[in-house]
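S.K.: My structure is in work.txt, and what it holds is compact mmCIF, C-alpha atoms:
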```
# COMPACT_ATOMS: atom_id res chain seq x y z
CA MET A 10 -25.41 0.59 2.43
CA TYR A 11 -24.69 3.72 0.43
CA HIS A 12 -26.15 5.33 -2.64
CA ARG A 13 -24.28 8.57 -3.19
CA VAL A 14 -20.97 10.00 -1.97
CA ASP A 15 -20.82 13.52 -3.34
CA VAL A 16 -19.58 17.02 -2.53
CA SER A 17 -22.88 18.60 -3.49
CA SER A 18 -26.19 18.00 -1.77
CA PRO A 19 -29.03 17.07 -4.13
CA ALA A 20 -32.06 19.35 -4.24
CA ASP A 21 -34.72 16.73 -3.58
CA ARG A 22 -35.26 15.38 -0.07
CA THR A 23 -34.93 11.67 -0.90
CA SER A 24 -31.65 12.06 -2.81
CA ARG A 25 -30.29 14.30 -0.09
CA ALA A 26 -31.07 11.62 2.52
CA LEU A 27 -29.19 9.05 0.40
CA THR A 28 -26.05 11.20 0.01
CA VAL A 29 -23.05 11.48 2.30
CA SER A 30 -20.10 13.77 1.74
CA PRO A 31 -16.68 12.33 0.90
CA SER A 32 -15.38 13.54 4.28
CA GLN A 33 -18.26 11.76 6.07
CA PHE A 34 -17.61 8.56 4.12
CA GLU A 35 -13.91 8.78 4.95
CA ALA A 36 -14.72 9.30 8.64
CA GLU A 37 -16.98 6.24 8.61
CA LEU A 38 -14.25 4.07 7.07
CA ARG A 39 -11.74 5.41 9.59
CA TYR A 40 -14.15 4.49 12.39
CA LEU A 41 -14.46 0.92 11.08
CA HIS A 42 -10.69 0.59 11.10
CA THR A 43 -10.33 1.99 14.63
CA GLN A 44 -12.82 -0.66 15.76
CA GLY A 45 -10.69 -3.41 14.22
CA LEU A 46 -13.19 -4.16 11.47
CA ARG A 47 -12.29 -4.98 7.90
CA THR A 48 -14.22 -4.84 4.67
CA VAL A 49 -14.69 -7.89 2.46
CA GLY A 50 -15.96 -8.45 -1.03
CA ILE A 51 -18.75 -10.80 -1.95
CA ASP A 52 -16.20 -13.33 -3.23
CA GLU A 53 -14.44 -13.55 0.15
CA LEU A 54 -17.75 -13.87 1.98
CA GLU A 55 -18.92 -16.58 -0.39
CA ARG A 56 -15.64 -18.50 -0.04
CA ASP A 57 -15.73 -18.33 3.78
CA VAL A 58 -19.32 -19.54 3.91
CA ALA A 59 -18.60 -22.38 1.46
CA GLU A 60 -15.67 -23.47 3.64
CA GLY A 61 -17.77 -23.29 6.79
CA ARG A 62 -15.85 -20.33 8.19
CA ARG A 63 -17.38 -17.23 9.64
CA PRO A 64 -15.67 -14.03 8.51
CA GLU A 65 -14.13 -12.47 11.61
CA ARG A 66 -14.67 -8.76 12.24
CA ALA A 67 -15.81 -8.30 8.65
CA VAL A 68 -18.31 -5.89 7.15
CA LEU A 69 -19.80 -5.54 3.69
CA ILE A 70 -20.01 -2.05 2.25
CA THR A 71 -22.54 -1.78 -0.54
CA PHE A 72 -23.45 0.91 -3.04
CA ASP A 73 -26.71 0.91 -5.00
CA ASP A 74 -27.70 2.24 -8.40
CA GLY A 75 -24.30 2.91 -10.04
CA TYR A 76 -24.04 6.68 -9.63
CA GLY A 77 -20.95 8.31 -11.12
CA ASP A 78 -19.95 9.89 -7.81
CA GLN A 79 -19.26 6.39 -6.52
CA PHE A 80 -16.26 6.26 -8.87
CA ARG A 81 -15.29 9.89 -8.47
CA TYR A 82 -15.38 10.08 -4.66
CA ALA A 83 -16.06 6.73 -2.93
CA PHE A 84 -13.70 4.53 -4.95
CA PRO A 85 -10.53 6.60 -4.29
CA ILE A 86 -11.34 6.71 -0.57
CA LEU A 87 -11.87 2.95 -0.50
CA GLN A 88 -8.53 2.46 -2.23
CA ARG A 89 -6.74 4.80 0.17
CA PHE A 90 -7.96 2.68 3.10
CA GLY A 91 -7.32 -0.61 1.30
CA ASP A 92 -11.01 -1.44 1.53
CA ARG A 93 -13.37 -3.31 -0.75
CA ALA A 94 -17.01 -2.66 -1.55
CA ILE A 95 -19.85 -4.15 -3.54
CA PHE A 96 -21.42 -1.99 -6.23
CA PHE A 97 -24.93 -2.99 -7.30
CA VAL A 98 -25.36 -1.49 -10.76
CA ASN A 99 -28.45 -0.82 -12.87
CA THR A 100 -27.04 -1.70 -16.28
CA GLY A 101 -29.65 0.30 -18.19
CA ASN A 102 -28.22 3.50 -16.69
CA VAL A 103 -24.55 2.79 -17.41
CA GLY A 104 -23.11 5.67 -19.42
CA LYS A 105 -26.05 7.97 -18.77
CA ALA A 106 -25.61 11.34 -17.08
CA HIS A 107 -24.59 11.09 -13.40
CA HIS A 108 -24.03 7.31 -13.65
CA LEU A 109 -21.01 5.06 -13.98
CA THR A 110 -19.51 4.25 -17.37
CA TRP A 111 -18.39 0.78 -18.42
CA GLN A 112 -14.79 2.00 -18.29
CA GLU A 113 -15.21 3.14 -14.67
CA ILE A 114 -16.93 -0.13 -13.74
CA ASP A 115 -14.07 -2.08 -15.31
CA ILE A 116 -11.45 -0.05 -13.41
CA MET A 117 -13.21 -0.67 -10.10
CA HIS A 118 -13.65 -4.37 -10.88
CA ARG A 119 -9.95 -4.80 -11.73
CA ALA A 120 -9.11 -3.03 -8.44
CA GLY A 121 -10.99 -5.70 -6.46
CA MET A 122 -14.41 -4.14 -6.08
CA SER A 123 -17.38 -6.47 -6.54
CA ILE A 124 -19.71 -5.41 -9.34
CA GLU A 125 -23.12 -6.99 -8.97
CA CYS A 126 -26.65 -6.91 -10.42
CA HIS A 127 -29.24 -4.33 -9.40
CA GLY A 128 -31.47 -4.89 -12.42
CA VAL A 129 -31.55 -3.29 -15.83
CA ASP A 130 -33.71 -0.38 -14.74
CA HIS A 131 -34.28 1.09 -11.33
CA VAL A 132 -37.69 -0.50 -10.78
CA ASP A 133 -39.45 -2.25 -7.91
CA LEU A 134 -39.34 -5.93 -8.87
CA ALA A 135 -42.27 -6.68 -6.55
CA LEU A 136 -44.50 -4.64 -8.87
CA LEU A 137 -43.53 -6.59 -12.01
CA ASN A 138 -44.84 -9.83 -13.44
CA ALA A 139 -42.55 -12.86 -13.56
CA ALA A 140 -41.41 -12.27 -17.17
CA ALA A 141 -40.45 -8.67 -16.44
CA GLN A 142 -38.65 -9.73 -13.25
CA HIS A 143 -36.65 -12.33 -15.17
CA TYR A 144 -35.74 -9.74 -17.80
CA GLN A 145 -34.55 -7.24 -15.17
CA ILE A 146 -32.33 -9.80 -13.43
CA ASP A 147 -31.21 -12.02 -16.32
CA ASP A 148 -30.38 -9.20 -18.73
CA CYS A 149 -28.48 -7.32 -16.03
CA ILE A 150 -26.41 -10.42 -15.21
CA ARG A 151 -25.80 -11.12 -18.90
CA SER A 152 -24.66 -7.55 -19.49
CA LEU A 153 -22.31 -7.52 -16.49
CA ARG A 154 -20.81 -10.89 -17.44
CA GLY A 155 -20.31 -9.72 -21.00
CA HIS A 156 -18.52 -6.52 -20.00
CA LEU A 157 -16.53 -7.81 -17.04
CA HIS A 158 -15.84 -11.37 -18.26
CA ASP A 159 -16.50 -12.56 -14.74
CA ALA A 160 -19.27 -14.18 -12.72
CA VAL A 161 -22.01 -12.17 -11.08
CA GLN A 162 -22.34 -13.42 -7.54
CA ALA A 163 -25.15 -11.32 -6.07
CA TYR A 164 -28.44 -9.85 -7.24
```
Could you quickly redo this structure as structure tokens?
M.R.:
Amino acid sequence: MYHRVDVSSPADRTSRALTVSPSQFEAELRYLHTQGLRTVGIDELERDVAEGRRPERAVLITFDDGYGDQFRYAFPILQRFGDRAIFFVNTGNVGKAHHLTWQEIDIMHRAGMSIECHGVDHVDLALLNAAAQHYQIDDCIRSLRGHLHDAVQAY
């Protein structure tokens, strides 16, 4: 699970702990490959499970929150290795400073990356009432479906 892949280290402690450098991310993908592991998308995992198969030597790589550096740094590295990842996006932040744009999300989706729901806003669902929880999930899914013209498989 990743949040940020960036060349600069954020100032605050929490963000810094959630950030790896592009060279570190590349080294981690290289390690997976040397161990004979492969990355899969949520669609492949779902298909294998539905068919009663267990994905062999497979790992899921996930990214949370939809930060712009995921497109700038992580996505090209994933492509270079022929890997897939799952990007959980907060749709309320799309297009805001330091976050993914709809155009970037669409490019990643067309390249085989899974784009999934991480809520409208970056909030703790456990702290919300049922109506607010439904809004966070349902509106996020609706927005992703509307932009990507595809199903949302995970949230």
S.K.: So which one's closest to Val49 (chain A), A:Ala141, A:Val161, A:Leu153, A:Ile70? Using all atoms listed in the file, please.
M.R.: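 With all atoms listed in the file as the atom set, the closest residue is A:Ile70.
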S.K.: Applying 12 Å and only C-alpha atoms, which residues near Ser17 (chain A) remain after dropping the ones on its own chain fewer than 5 positions away? List them as a PyMOL selection string.
M.R.: chain A and resi 24-25+28-32+78+82
S.K.: Could those selected residues go to a file with C-alpha atoms, as a PDB file, in the coordinates of the input?
M.R.:
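Result file follows (result-v1.pdb):
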```
ATOM      1  CA  SER A  24     -31.650  12.060  -2.810  1.00  0.00           C
ATOM      2  CA  ARG A  25     -30.290  14.300  -0.090  1.00  0.00           C
ATOM      3  CA  THR A  28     -26.050  11.200   0.010  1.00  0.00           C
ATOM      4  CA  VAL A  29     -23.050  11.480   2.300  1.00  0.00           C
ATOM      5  CA  SER A  30     -20.100  13.770   1.740  1.00  0.00           C
ATOM      6  CA  PRO A  31     -16.680  12.330   0.900  1.00  0.00           C
ATOM      7  CA  SER A  32     -15.380  13.540   4.280  1.00  0.00           C
ATOM      8  CA  ASP A  78     -19.950   9.890  -7.810  1.00  0.00           C
ATOM      9  CA  TYR A  82     -15.380  10.080  -4.660  1.00  0.00           C
TER      10      TYR A  82
END
```
S.K.: Please provide as a PyMOL selection string all residues within 12 Å of Gly45 (chain A), with the sequence filter that same-chain residues fewer than 2 positions apart are discarded (counting only C-alpha atoms).
M.R.: chain A and resi 38-43+47-48+65-68
S.K.: Work out how far CA of Arg81 (chain A) is from CA of Val16 (chain A), in Å to one decimal.
M.R.: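 Interatomic distance here is 10.2 Å.
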S.K.: Name the closest residue to Ile146 (chain A) among the candidates A:Glu60, A:Asp130, A:Asp92, A:Asp159; distances are taken between atoms, counting all atoms listed in the file.
M.R.: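 Among A:Glu60, A:Asp130, A:Asp92, A:Asp159, it is A:Asp130 that comes nearest to Ile146 (chain A).
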S.K.: Work out how far apart CA of His118 (chain A) and CA of Asp74 (chain A) are and give it in Å to one decimal.
M.R.: 15.7 Å
S.K.: Between A:Gln44, A:Thr71, A:Gln162, A:Gln88, which residue has the minimum interatomic distance to Glu125 (chain A), considering only C-alpha atoms?
M.R.: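 Distance minimum relative to Glu125 (chain A) lands on A:Gln162.
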S.K.: From the set A:Pro85, A:Gly61, A:Gly75, A:Gly91, which residue has the shortest atom-to-atom contact distance to His107 (chain A), counting all atoms listed in the file?
M.R.: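 Ranked by minimum distance to His107 (chain A), first place goes to A:Gly75.
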